[in-house]
Every structure is written in C-alpha cells, then in structure tokens.
>>> print(open('run.cif').read())   # mmCIF, C-alpha atoms and all ligand atoms
data_model
#
loop_
_atom_site.label_atom_id
_atom_site.label_comp_id
_atom_site.auth_asym_id
_atom_site.auth_seq_id
_atom_site.Cartn_x
_atom_site.Cartn_y
_atom_site.Cartn_z
CA MET A 96 -59.49 15.11 -15.90
CA ARG A 97 -62.79 13.42 -15.30
CA PHE A 98 -66.08 14.01 -17.10
CA VAL A 99 -69.59 12.67 -16.73
CA THR A 100 -71.94 12.75 -19.74
CA ARG A 101 -75.66 12.10 -19.73
CA SER A 102 -76.38 11.34 -23.39
CA GLY A 103 -74.64 10.25 -26.56
CA GLU A 104 -74.79 13.86 -27.76
CA GLU A 105 -72.89 15.01 -24.67
CA THR A 106 -70.22 12.39 -25.28
CA GLU A 107 -69.88 13.61 -28.88
CA LEU A 108 -69.46 17.15 -27.57
CA LEU A 109 -66.77 15.92 -25.19
CA GLY A 110 -65.03 14.39 -28.20
CA GLU A 111 -65.16 17.72 -30.03
CA TYR A 112 -63.88 19.56 -26.99
CA LEU A 113 -60.96 17.22 -26.38
CA PHE A 114 -60.02 17.26 -30.06
CA CYS A 115 -59.69 21.04 -29.87
CA ARG A 116 -57.96 20.98 -26.54
CA LEU A 117 -55.49 18.13 -27.03
CA THR A 118 -54.53 17.52 -30.65
CA ARG A 119 -52.08 20.38 -30.83
CA LYS A 120 -49.94 18.51 -28.33
CA TYR A 121 -50.97 14.85 -28.58
CA ARG A 122 -51.45 12.52 -31.56
CA THR A 123 -52.26 9.15 -30.00
CA PHE A 124 -55.46 8.47 -28.06
CA LEU A 125 -56.02 5.14 -26.29
CA LEU A 126 -59.66 4.36 -25.47
CA TYR A 127 -60.48 1.75 -22.82
CA GLY A 128 -63.85 0.50 -21.63
CA GLU A 129 -66.51 -2.11 -22.10
CA MET A 130 -68.86 -2.48 -25.08
CA GLY A 131 -71.44 0.30 -25.13
CA SER A 132 -69.49 2.62 -22.86
CA GLY A 133 -69.37 5.32 -25.56
CA LYS A 134 -66.00 5.00 -27.27
CA THR A 135 -67.28 5.16 -30.85
CA THR A 136 -69.71 7.93 -29.93
CA PHE A 137 -66.77 9.91 -28.56
CA VAL A 138 -64.74 9.33 -31.74
CA ARG A 139 -67.66 10.62 -33.84
CA GLY A 140 -67.45 14.01 -32.09
CA PHE A 141 -63.67 13.97 -32.05
CA VAL A 142 -63.45 13.46 -35.82
CA ARG A 143 -66.28 15.91 -36.48
CA ALA A 144 -64.21 18.61 -34.79
CA ALA A 145 -61.63 18.01 -37.53
CA GLY A 146 -64.30 18.65 -40.14
CA TYR A 147 -65.32 15.11 -41.06
CA ASP A 148 -68.81 13.81 -40.33
CA GLY A 149 -69.66 10.13 -40.63
CA VAL A 150 -67.88 7.96 -38.07
CA ARG A 151 -69.56 4.61 -37.63
CA SER A 152 -68.65 1.53 -35.65
CA PRO A 153 -65.95 -0.20 -37.70
CA THR A 154 -67.42 -3.69 -37.79
CA PHE A 155 -65.31 -5.59 -40.28
CA THR A 156 -62.21 -3.49 -40.62
CA MET A 157 -59.89 -2.80 -37.75
CA VAL A 158 -58.66 0.50 -39.17
CA THR A 159 -60.64 3.25 -40.87
CA VAL A 160 -58.85 6.34 -42.15
CA TYR A 161 -60.79 9.60 -42.33
CA PRO A 162 -59.38 12.23 -44.69
CA THR A 163 -60.19 15.35 -42.68
CA PRO A 164 -59.33 18.93 -43.60
CA LEU A 165 -56.90 18.86 -40.66
CA GLY A 166 -55.11 15.73 -41.81
CA ARG A 167 -55.75 12.02 -41.67
CA ILE A 168 -57.28 10.45 -38.59
CA HIS A 169 -56.80 6.70 -38.12
CA HIS A 170 -59.71 5.12 -36.22
CA VAL A 171 -58.71 1.73 -34.89
CA ASP A 172 -60.90 -0.89 -33.19
CA LEU A 173 -58.97 -3.81 -31.77
CA TYR A 174 -62.02 -5.74 -30.54
CA ARG A 175 -61.42 -8.48 -33.10
CA LEU A 176 -57.66 -8.53 -32.88
CA GLN A 177 -56.51 -12.15 -33.01
CA GLY A 178 -52.92 -11.88 -31.98
CA GLU A 179 -49.72 -9.98 -32.14
CA GLU A 180 -48.99 -10.67 -35.83
CA ASP A 181 -52.46 -9.39 -36.69
CA PHE A 182 -51.54 -6.10 -35.08
CA TYR A 183 -48.34 -5.64 -37.06
CA THR A 184 -50.18 -6.11 -40.38
CA LEU A 185 -52.29 -3.04 -39.59
CA GLY A 186 -49.32 -0.80 -40.39
CA LEU A 187 -49.98 1.48 -37.46
CA LEU A 188 -46.39 1.66 -36.31
CA ASP A 189 -45.63 3.70 -39.44
CA VAL A 190 -48.14 6.41 -38.56
CA LEU A 191 -48.02 6.48 -34.75
CA ASP A 192 -46.69 9.83 -33.49
CA ARG A 193 -46.91 11.30 -37.01
CA GLU A 194 -50.66 11.31 -37.59
CA ILE A 195 -53.66 11.28 -35.28
CA VAL A 196 -54.51 7.74 -34.19
CA VAL A 197 -57.49 6.85 -31.99
CA ILE A 198 -57.61 3.27 -30.71
CA GLU A 199 -60.74 1.61 -29.29
CA TRP A 200 -60.16 -1.49 -27.15
CA ALA A 201 -56.65 -0.32 -26.33
CA GLU A 202 -56.66 -3.10 -23.69
CA ARG A 203 -55.81 -5.43 -26.58
CA LEU A 204 -52.66 -3.65 -27.74
CA PRO A 205 -49.86 -6.24 -27.77
CA LEU A 206 -47.18 -3.67 -27.04
CA ARG A 207 -46.78 -0.52 -25.04
CA VAL A 208 -48.00 2.55 -26.88
CA GLU A 209 -47.66 6.05 -25.45
CA GLY A 210 -50.69 8.24 -25.66
CA VAL A 211 -53.50 10.01 -23.90
CA ARG A 212 -55.52 7.36 -22.05
CA LEU A 213 -59.29 7.68 -21.89
CA ASN A 214 -61.21 5.28 -19.66
CA PHE A 215 -64.92 4.96 -20.41
CA SER A 216 -67.36 3.45 -17.96
CA VAL A 217 -71.09 3.05 -17.69
CA VAL A 218 -72.33 4.75 -14.55
CA GLY A 219 -75.94 3.79 -15.16
CA GLY A 220 -78.68 4.34 -17.73
CA ASN A 221 -77.34 7.04 -20.02
CA GLU A 222 -74.55 8.19 -17.76
CA ARG A 223 -70.96 7.59 -18.77
CA GLU A 224 -67.81 8.55 -16.96
CA VAL A 225 -64.75 9.42 -19.00
CA SER A 226 -61.45 9.86 -17.22
CA VAL A 227 -58.54 11.24 -19.14
CA SER A 228 -54.89 10.74 -18.24
CA LEU A 229 -52.36 12.80 -20.10
CA LEU A 230 -48.79 11.60 -20.58
N1 LIG A 301 -73.76 9.32 -22.08
C1 LIG A 301 -73.62 8.53 -23.16
N2 LIG A 301 -72.47 8.55 -23.85
C2 LIG A 301 -72.28 7.74 -24.92
N3 LIG A 301 -73.19 6.85 -25.38
C3 LIG A 301 -74.37 6.79 -24.71
C4 LIG A 301 -74.62 7.63 -23.59
N4 LIG A 301 -75.87 7.33 -23.14
C5 LIG A 301 -76.33 6.37 -23.95
N5 LIG A 301 -75.45 6.05 -24.90
C6 LIG A 301 -75.63 4.98 -25.91
O1 LIG A 301 -74.70 3.97 -25.63
C7 LIG A 301 -74.19 3.43 -26.84
C8 LIG A 301 -72.68 3.62 -26.90
O2 LIG A 301 -72.22 2.92 -28.02
P1 LIG A 301 -70.76 3.09 -28.62
O3 LIG A 301 -70.37 4.52 -28.64
O4 LIG A 301 -70.76 2.34 -29.90
O5 LIG A 301 -69.89 2.33 -27.50
P2 LIG A 301 -68.52 1.53 -27.66
O6 LIG A 301 -67.81 2.03 -28.87
O7 LIG A 301 -67.78 1.85 -26.37
O8 LIG A 301 -68.88 0.07 -27.74
C9 LIG A 301 -74.89 4.14 -27.99
O9 LIG A 301 -75.99 3.38 -28.37
C10 LIG A 301 -75.33 5.45 -27.33
O10 LIG A 301 -76.47 6.00 -27.94
MG MG A 302 -66.92 1.03 -30.49
#
>>> encode(input="run.cif", output="structure tokens")
Amino acid sequence: MRFVTRSGEETELLGEYLFCRLTRKYRTFLLYGEMGSGKTTFVRGFVRAAGYDGVRSPTFTMVTVYPTPLGRIHHVDLYRLQGEEDFYTLGLLDVLDREIVVIEWAERLPLRVEGVRLNFSVVGGNEREVSVSLL
C-alpha cells in the first residue's frame, strides 16, 4: 500500500486509519525514513486511535509506554541508539509480538525484527509518501 499525505493532520489520520485496519492482525510496526519525514506525527494518530492523546517526540528516552484503553503501546525511537548492548537493555524482546510496539528509526535495529514496514519520505514541501509493506 502506498499513501501520499499533504499535511501533518493527514499523516495523523493515516496513523488512525492504519491502527484500525492493522492492529487486529499485527503488533509490530517498523518505521523508516529521514528526520522530519513524519514518523512521530504518524504515531500520534496511531496512538490516538487507541484512545490516548499526547504523543510527543521522545527526546531523551528511547522507549515511551502509553497506557491506552486498548492495551499498552510501546513507542520506540532508536535515533540515539549507541550499539547492540544498548538495544538489549530496552527490554523490548520481552514485549515484541505480545504488545503493540512502534519503532522509529528501525534502520538502527541491530537484529532482524518481523513487523509491518512503513517507509516515510519527503516528496516536497508538506507532501510525504508512506509505503506500507505487510509481512
Ligand atoms: N504531510 C506531512 N506529514 C507529516 N508531517 C508533516 C507533513 N507536512 C509537514 N509536516 C511537518 O513535518 C514535521 C514532521 O516531523 P516528525 O513527525 O517529528 O518527523 P520524524 O519523526 O520522522 O522526524 C512536523 O513538523 C510536521 O508538522
Ligand atoms: Mg520522530
């Protein structure tokens, strides 16, 4: 699937839509794409669809857990990941496949993780392309 959005609001709506469409079947979401391509904006809509409002860019922590009415959502940002050991201290392996995990900067994962892949790219100005590959 491929989508083009023309504002941050549209990318949030895409996040809401894909939450509703995909989380019955999939738990792990891998987000790829440069800084500013809309990953966090997408996650804001995605988590809002679960009934939790207030996703921000996780600046200092690599994992933020949102207690939503539909269960916990783990929001991960690997931008500052230093190395493999750093990754294992995050404790994600314990929740992968059991709870919903959304990973920004999935390029930096030190091991193979199965999940829905979402590639974000800046088309120009306020346009973003999001391509989604299911397992
Ligand atoms: N179509 C769009 N989709 C998402 N964000 C957009 C769009 N157009 C402009 N923006 C802006 O681009 C920025 C995206 O930032 P963010 O979601 O934090 O990106 P990332 O997490 O990939 O670094 C925000 O400032 C947002 O307002
Ligand atoms: Mg981000």
>>> atom_distance(input="run.cif", atom1="atom C2 of ligand LIG 301 (chain A)", atom2="atom CA of A:Thr136")
5.6 Å
>>> closest_residue(input="run.cif", among="A:Gly149, A:Pro164, A:Gly131, A:Gly178", to="A:Pro205", atoms="only C-alpha atoms")
A:Gly178
>>> residues_near_point(input="run.cif", point="(-76.3, 7.4, -22.8)", cutoff="6 Å", atoms="all atoms listed in the file", output="list of chain:residue names")
A:Arg101, A:Ser102, A:Gly103, A:Asn221, A:Glu222
>>> atom_distance(input="run.cif", atom1="atom N3 of ligand LIG 301 (chain A)", atom2="atom CA of A:Asp192")
27.9 Å
>>> closest_residue(input="run.cif", among="A:Leu113, A:Val190, A:Leu206, A:Val99", to="ligand LIG 301 (chain A)", atoms="all atoms listed in the file")
A:Val99
>>> closest_residue(input="run.cif", among="A:Glu209, A:Asp148, A:Asp172, A:Glu105", to="ligand MG 302 (chain A)", atoms="all atoms listed in the file")
A:Asp172
>>> residues_near_ligand(input="run.cif", ligand="ligand MG 302 (chain A)", cutoff="8 Å", atoms="only C-alpha atoms and all ligand atoms", output="MDAnalysis selection string")
chainID A and resid 130:131 133:136 152:153 172 199:200
>>> atom_distance(input="run.cif", atom1="atom CA of A:Glu202", atom2="atom CA of A:Glu111")
23.4 Å
>>> closest_residue(input="run.cif", among="A:Leu108, A:Leu176, A:Leu230, A:Leu204", to="A:Arg122", atoms="only C-alpha atoms")
A:Leu230
>>> residues_around(input="run.cif", residues="A:Ser228", least_positions_apart="3", cutoff="10 Å", atoms="all atoms listed in the file", output="PyMOL selection string")
chain A and resi 96-97+125+210-214+225
>>> write_last_selection(input="run.cif", atoms="C-alpha atoms", output="PDB file, in the coordinates of the input")
ATOM      1  CA  MET A  96     -59.490  15.110 -15.900  1.00  0.00           C
ATOM      2  CA  ARG A  97     -62.790  13.420 -15.300  1.00  0.00           C
ATOM      3  CA  LEU A 125     -56.020   5.140 -26.290  1.00  0.00           C
ATOM      4  CA  GLY A 210     -50.690   8.240 -25.660  1.00  0.00           C
ATOM      5  CA  VAL A 211     -53.500  10.010 -23.900  1.00  0.00           C
ATOM      6  CA  ARG A 212     -55.520   7.360 -22.050  1.00  0.00           C
ATOM      7  CA  LEU A 213     -59.290   7.680 -21.890  1.00  0.00           C
ATOM      8  CA  ASN A 214     -61.210   5.280 -19.660  1.00  0.00           C
ATOM      9  CA  VAL A 225     -64.750   9.420 -19.000  1.00  0.00           C
TER      10      VAL A 225
END
>>> closest_residue(input="run.cif", among="A:Gly110, A:Gly186, A:Gly128, A:Gly140", to="ligand LIG 301 (chain A)", atoms="only C-alpha atoms and all ligand atoms")
A:Gly128
>>> closest_residue(input="run.cif", among="A:Ser216, A:Ile195, A:Leu173, A:Phe137", to="A:Glu107", atoms="all atoms listed in the file")
A:Phe137
>>> residues_near_point(input="run.cif", point="(-56.8, 2.7, -34.5)", cutoff="10 Å", atoms="all atoms listed in the file", output="ChimeraX atom specification")
/A:123-126,157-160,168-173,185,187,191,195-201
